[in-house]
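Heads up: the structure comes next, in structure tokens.
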Amino acid sequence: MPFTYDTESIAILDWDGVDIRLESKWKTGTLRPTSIQAHLIEFLKIQNNHFVIDDDDSGEVADVVEITEKENQEAVFRFYHCKYSGGDAPGRRVKDTYEVCAQAARSVRWTTDPQRLVMHLLERDQSKYLNGRTTRFEKGDPRSLAGFRRRLRKLRHHYQIVVVQPGVSKGMVDAQMATIFGSANAIVTEITGSPLRIIASA
């Protein structure tokens with residue numbers, strides 16, 4: 001039986017004012033405030049978390065990494081993989097979906113060693129990796145993350161991987177796209193114990 005994905009579990013974010021054909025917040029040293037990543041980052045910054053980090057660029061864990069340290073001695077890491085739209089309006093984006101789901105599946109390699117993951121994020125805030133940014137930390141700071149790293153061995157670790165694809169309309173996801181999402185979900189769930197989350201357009 002082929003993999004599939006329950007489209008009812010796809011979340012919808014308000015993309016008003018966003019150019020869904022622009023993916024990265026930073027491009028060749030230039031800030032793009034109407035991009036998908038910029039919009040996602042602003043949304044995450046007001047959520048109940050401790051760190052929001054722009055890791056976009058070659059060698060990334062994900063486009064955006066969110067970290068929350070909970071009172072129950074649990075650390076939650078969320079990896080957000082964004083994909084620009086191949087068209088001006090949301091619809092069926094099979095090619096785009098293949099690409100972003102492959103990125104999501106590949107990122108499970110970062111879910112095995114939280115110390116290595118946090119060191120990567122700290123190292124990426126050095127000037128030679130910033131590519132125009134003053135820092136990759138959109139919420140939190142390197143010193144606080146280093147302190148969090150020292151506490152990590154006492155915490156349980158939980159990982160969630162999220163595909164962010166406003167070029168996809170939730171109402172237009174067909175069997176082929178559900179199979180792509182389902183295949184990635186199977187890999188992500190097997191490795192992390194948490195299902196793949198998808199954020200799209202209405």
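Letters A, B, ... mark the chains of the structure tokens in the order given; residue numbers begin at 1 per chain; ligand numbers begin at 1, in order shown.
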Restrict the calculation to only C-alpha atoms, then for each residue of segment 110-176 of chain A with any atom at most 8 Å from an atom of segment 7-24 of chain A give the closest atom pair and their distance in Å to one decimal, rows by chain and rising residue number, as a tab-separated table.
residue	atom	partner	partner_atom	distance
A:Pro166	CA	A:Ile20	CA	6.4
A:Gly167	CA	A:Ile20	CA	6.4
A:Lys170	CA	A:Ile10	CA	6.8
A:Val173	CA	A:Thr7	CA	7.2
Could you give me, as a short mmCIF file (atom, residue, chain, number, x, y, z; two decimals) with all heavy atoms, in the first residue's frame, the residues within 10 Å of Gly86 of chain A, counting only C-alpha atoms and dropping anything in the same chain fewer than 2 positions from it?
data_model
loop_
_atom_site.label_atom_id
_atom_site.label_comp_id
_atom_site.auth_asym_id
_atom_site.auth_seq_id
_atom_site.Cartn_x
_atom_site.Cartn_y
_atom_site.Cartn_z
N ILE A 20 5.30 34.83 -2.09
CA ILE A 20 5.56 33.39 -1.91
C ILE A 20 6.55 32.84 -2.93
O ILE A 20 6.92 31.67 -2.86
CB ILE A 20 4.26 32.57 -1.93
CG1 ILE A 20 3.54 32.66 -3.28
CG2 ILE A 20 3.34 33.00 -0.79
CD1 ILE A 20 2.33 31.71 -3.40
N ARG A 21 7.02 33.69 -3.84
CA ARG A 21 8.07 33.27 -4.76
C ARG A 21 9.47 33.60 -4.23
O ARG A 21 10.47 33.26 -4.86
CB ARG A 21 7.86 33.91 -6.14
CG ARG A 21 6.52 33.52 -6.76
CD ARG A 21 6.44 33.85 -8.22
NE ARG A 21 7.27 32.94 -9.00
CZ ARG A 21 7.03 32.62 -10.27
NH1 ARG A 21 5.98 33.10 -10.89
NH2 ARG A 21 7.84 31.82 -10.92
N LEU A 22 9.51 34.26 -3.07
CA LEU A 22 10.80 34.55 -2.42
C LEU A 22 10.94 33.64 -1.21
O LEU A 22 10.11 33.68 -0.31
CB LEU A 22 10.85 36.01 -1.95
CG LEU A 22 10.86 37.10 -3.02
CD1 LEU A 22 10.93 38.47 -2.36
CD2 LEU A 22 12.01 36.91 -4.00
N LYS A 83 9.96 26.40 1.29
CA LYS A 83 10.06 26.26 -0.17
C LYS A 83 9.27 27.37 -0.83
O LYS A 83 8.09 27.56 -0.53
CB LYS A 83 9.53 24.89 -0.61
CG LYS A 83 9.67 24.64 -2.10
CD LYS A 83 11.14 24.60 -2.52
CE LYS A 83 11.29 24.44 -4.03
NZ LYS A 83 12.72 24.46 -4.43
N TYR A 84 9.94 28.08 -1.74
CA TYR A 84 9.24 29.11 -2.49
C TYR A 84 8.26 28.47 -3.47
O TYR A 84 8.35 27.29 -3.80
CB TYR A 84 10.24 30.00 -3.23
CG TYR A 84 11.01 29.28 -4.32
CD1 TYR A 84 10.50 29.19 -5.61
CD2 TYR A 84 12.24 28.68 -4.05
CE1 TYR A 84 11.20 28.53 -6.61
CE2 TYR A 84 12.94 28.02 -5.04
CZ TYR A 84 12.41 27.95 -6.31
OH TYR A 84 13.10 27.27 -7.29
N ASP A 88 2.66 32.25 -8.92
CA ASP A 88 2.26 33.41 -8.13
C ASP A 88 1.17 33.09 -7.10
O ASP A 88 1.03 33.80 -6.11
CB ASP A 88 1.75 34.53 -9.05
CG ASP A 88 2.88 35.11 -9.89
OD1 ASP A 88 4.01 35.19 -9.39
OD2 ASP A 88 2.62 35.47 -11.06
N ALA A 89 0.39 32.05 -7.35
CA ALA A 89 -0.73 31.72 -6.46
C ALA A 89 -0.58 30.30 -5.94
O ALA A 89 -0.01 29.43 -6.62
CB ALA A 89 -2.05 31.89 -7.20
N PRO A 90 -1.08 30.00 -4.74
CA PRO A 90 -1.04 28.63 -4.22
C PRO A 90 -1.80 27.66 -5.12
O PRO A 90 -2.80 28.03 -5.74
CB PRO A 90 -1.73 28.75 -2.85
CG PRO A 90 -1.62 30.19 -2.49
CD PRO A 90 -1.68 30.94 -3.78
N GLY A 91 -1.30 26.44 -5.19
CA GLY A 91 -1.96 25.43 -6.02
C GLY A 91 -1.30 24.08 -5.82
O GLY A 91 -0.87 23.75 -4.72
N ARG A 92 -1.23 23.30 -6.89
CA ARG A 92 -0.54 22.02 -6.86
C ARG A 92 0.91 22.27 -7.26
O ARG A 92 1.19 22.76 -8.34
CB ARG A 92 -1.17 21.03 -7.84
CG ARG A 92 -2.54 20.55 -7.44
CD ARG A 92 -3.06 19.52 -8.45
NE ARG A 92 -2.26 18.30 -8.41
CZ ARG A 92 -1.40 17.93 -9.35
NH1 ARG A 92 -1.17 18.71 -10.40
NH2 ARG A 92 -0.72 16.81 -9.24
N ARG A 93 1.85 21.90 -6.39
CA ARG A 93 3.28 22.14 -6.65
C ARG A 93 4.03 20.84 -6.44
O ARG A 93 4.74 20.65 -5.46
CB ARG A 93 3.81 23.21 -5.69
CG ARG A 93 3.07 24.52 -5.73
CD ARG A 93 3.45 25.35 -6.95
NE ARG A 93 2.61 26.54 -7.02
CZ ARG A 93 2.10 27.04 -8.12
NH1 ARG A 93 2.35 26.47 -9.28
NH2 ARG A 93 1.35 28.11 -8.09
N VAL A 94 3.88 19.91 -7.37
CA VAL A 94 4.45 18.58 -7.20
C VAL A 94 5.98 18.64 -7.15
O VAL A 94 6.62 18.08 -6.26
CB VAL A 94 3.98 17.64 -8.33
CG1 VAL A 94 4.67 16.27 -8.19
CG2 VAL A 94 2.47 17.48 -8.29
N LYS A 95 6.60 19.35 -8.11
CA LYS A 95 8.07 19.45 -8.15
C LYS A 95 8.60 20.10 -6.88
O LYS A 95 9.56 19.62 -6.27
CB LYS A 95 8.50 20.24 -9.38
CG LYS A 95 10.02 20.43 -9.49
CD LYS A 95 10.37 21.17 -10.78
CE LYS A 95 11.89 21.37 -10.90
NZ LYS A 95 12.39 22.30 -9.88
N ASP A 96 7.97 21.21 -6.47
CA ASP A 96 8.40 21.90 -5.25
C ASP A 96 8.28 20.98 -4.04
O ASP A 96 9.12 20.99 -3.14
CB ASP A 96 7.55 23.15 -5.01
CG ASP A 96 7.70 24.18 -6.13
OD1 ASP A 96 8.62 24.02 -6.96
OD2 ASP A 96 6.90 25.13 -6.17
N GLY A 167 3.26 27.84 -1.30
CA GLY A 167 2.85 27.63 -2.69
C GLY A 167 1.89 26.48 -2.87
O GLY A 167 1.32 26.29 -3.95
N VAL A 168 1.69 25.69 -1.82
CA VAL A 168 0.74 24.58 -1.87
C VAL A 168 -0.57 25.00 -1.22
O VAL A 168 -0.58 25.52 -0.10
CB VAL A 168 1.32 23.33 -1.16
CG1 VAL A 168 0.21 22.31 -0.88
CG2 VAL A 168 2.41 22.70 -2.01
#
Proximity check segment 3-98 of chain A to segment 151-163 of chain A, 9 Å, nearest pairs one decimal Å, only C-alpha atoms, as a tab-separated table:
residue	atom	partner	partner_atom	distance
A:Glu69	CA	A:Leu155	CA	8.6
A:Asn72	CA	A:Leu155	CA	8.7
A:Gln73	CA	A:Leu155	CA	5.0
A:Glu74	CA	A:Arg156	CA	4.6
A:Ala75	CA	A:His157	CA	5.0
A:Val76	CA	A:His158	CA	4.8
A:Phe77	CA	A:Tyr159	CA	4.8
A:Arg78	CA	A:Gln160	CA	4.7
A:Phe79	CA	A:Ile161	CA	4.8
A:Tyr80	CA	A:Val162	CA	4.8
A:His81	CA	A:Val163	CA	4.9
A:Cys82	CA	A:Val163	CA	6.1
A:Lys83	CA	A:Val163	CA	7.9
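The space between atom CA of Asp125 of chain A and atom CA of Ser58 of chain A spans 13.6 Å.
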Near Gly132 of chain A, counting only C-alpha atoms, which residues have an atom at most 10 Å away, once you skip same-chain residues fewer than 3 positions from it, shown as a list of chain:residue names? A:Trp26, A:Lys27, A:Thr28, A:Gly29, A:Thr30, A:Leu31, A:Ser127, A:Lys128, A:Tyr129, A:Thr135, A:Arg136
Go ahead and compute the interatomic distance for atom CA of Phe3 of chain A and atom CA of Glu66 of chain A, in Å to one decimal.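 If I compute the distance from atom CA of Phe3 of chain A to atom CA of Glu66 of chain A, I get 28.1 Å.
Put simply, atom CA of Val188 of chain A is 17.2 Å away from atom CA of Val64 of chain A.
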Test item, strand (DSSP E or B) assignment across chain A, answer as a VMD selection string: chain A and resid 11 to 12 26 to 27 30 to 31 51 to 54 64 to 70 74 to 82 91 137 to 139 156 to 169 197 to 201
Restricting the calculation to only C-alpha atoms: of A:Arg32, A:Arg149, A:Lys139, A:Lys25, which residue gets closest to Leu122 of chain A?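 Of all the options, A:Arg149 lies closest to Leu122 of chain A.
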Pick from A:His39, A:Thr179, A:Lys45, A:Tyr5, whichever lies nearest to Phe137 of chain A using only C-alpha atoms: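 The closest residue to Phe137 of chain A is A:Lys45.
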With distances taken over only C-alpha atoms, the candidate from A:Ala200, A:Ala178, A:Val61, A:Val164 nearest Val100 of chain A is A:Val164
Which residues in segment 31-155 of chain A does DSSP call helix (DSSP H, G or I)? List them as a CSV table (one decimal) with C-alpha atoms, in the first residue's frame.
chain,number,residue,atom,x,y,z
A,36,ILE,CA,8.6,33.3,3.3
A,37,GLN,CA,11.5,32.8,5.8
A,38,ALA,CA,11.2,36.4,7.1
A,39,HIS,CA,7.4,35.9,7.7
A,40,LEU,CA,7.9,32.5,9.4
A,41,ILE,CA,10.6,34.0,11.6
A,42,GLU,CA,8.4,36.9,12.7
A,43,PHE,CA,5.6,34.4,13.5
A,44,LEU,CA,8.0,32.1,15.5
A,45,LYS,CA,9.5,35.0,17.5
A,94,VAL,CA,4.5,18.6,-7.2
A,95,LYS,CA,8.1,19.4,-8.2
A,96,ASP,CA,8.4,21.9,-5.2
A,97,THR,CA,7.0,19.3,-2.9
A,98,TYR,CA,9.5,16.7,-3.9
A,99,GLU,CA,12.4,19.1,-3.3
A,100,VAL,CA,11.3,20.3,0.2
A,101,CYS,CA,10.3,16.8,1.4
A,102,ALA,CA,13.8,15.6,0.4
A,103,GLN,CA,15.3,18.4,2.4
A,104,ALA,CA,13.1,17.4,5.4
A,105,ALA,CA,14.0,13.8,5.2
A,106,ARG,CA,17.8,14.5,5.0
A,107,SER,CA,17.7,16.7,8.1
A,108,VAL,CA,16.9,13.7,10.3
A,109,ARG,CA,20.7,13.1,10.5
A,110,TRP,CA,20.8,16.1,12.9
A,111,THR,CA,18.5,14.4,15.4
A,114,PRO,CA,22.0,17.4,20.3
A,115,GLN,CA,25.4,18.5,21.5
A,116,ARG,CA,26.7,18.4,17.9
A,117,LEU,CA,23.6,20.2,16.7
A,118,VAL,CA,23.9,23.1,19.2
A,119,MET,CA,27.7,23.4,18.5
A,120,HIS,CA,26.8,23.7,14.8
A,121,LEU,CA,24.4,26.5,15.4
A,122,LEU,CA,26.9,28.3,17.6
A,123,GLU,CA,29.7,28.0,15.0
A,127,SER,CA,31.2,36.4,10.8
A,128,LYS,CA,32.5,34.1,8.0
A,129,TYR,CA,29.2,32.3,7.9
A,142,PRO,CA,24.9,32.7,21.6
A,143,ARG,CA,25.7,33.1,25.3
A,144,SER,CA,22.3,31.8,26.3
A,145,LEU,CA,22.5,28.9,23.8
A,146,ALA,CA,25.9,27.9,25.2
A,147,GLY,CA,24.3,27.8,28.6
A,148,PHE,CA,21.5,25.6,27.2
A,149,ARG,CA,24.1,23.3,25.7
A,150,ARG,CA,25.7,22.7,29.2
A,151,ARG,CA,22.2,21.7,30.5
A,152,LEU,CA,21.5,19.4,27.6
A,153,ARG,CA,22.8,16.2,29.1
A,154,LYS,CA,20.2,16.5,31.9
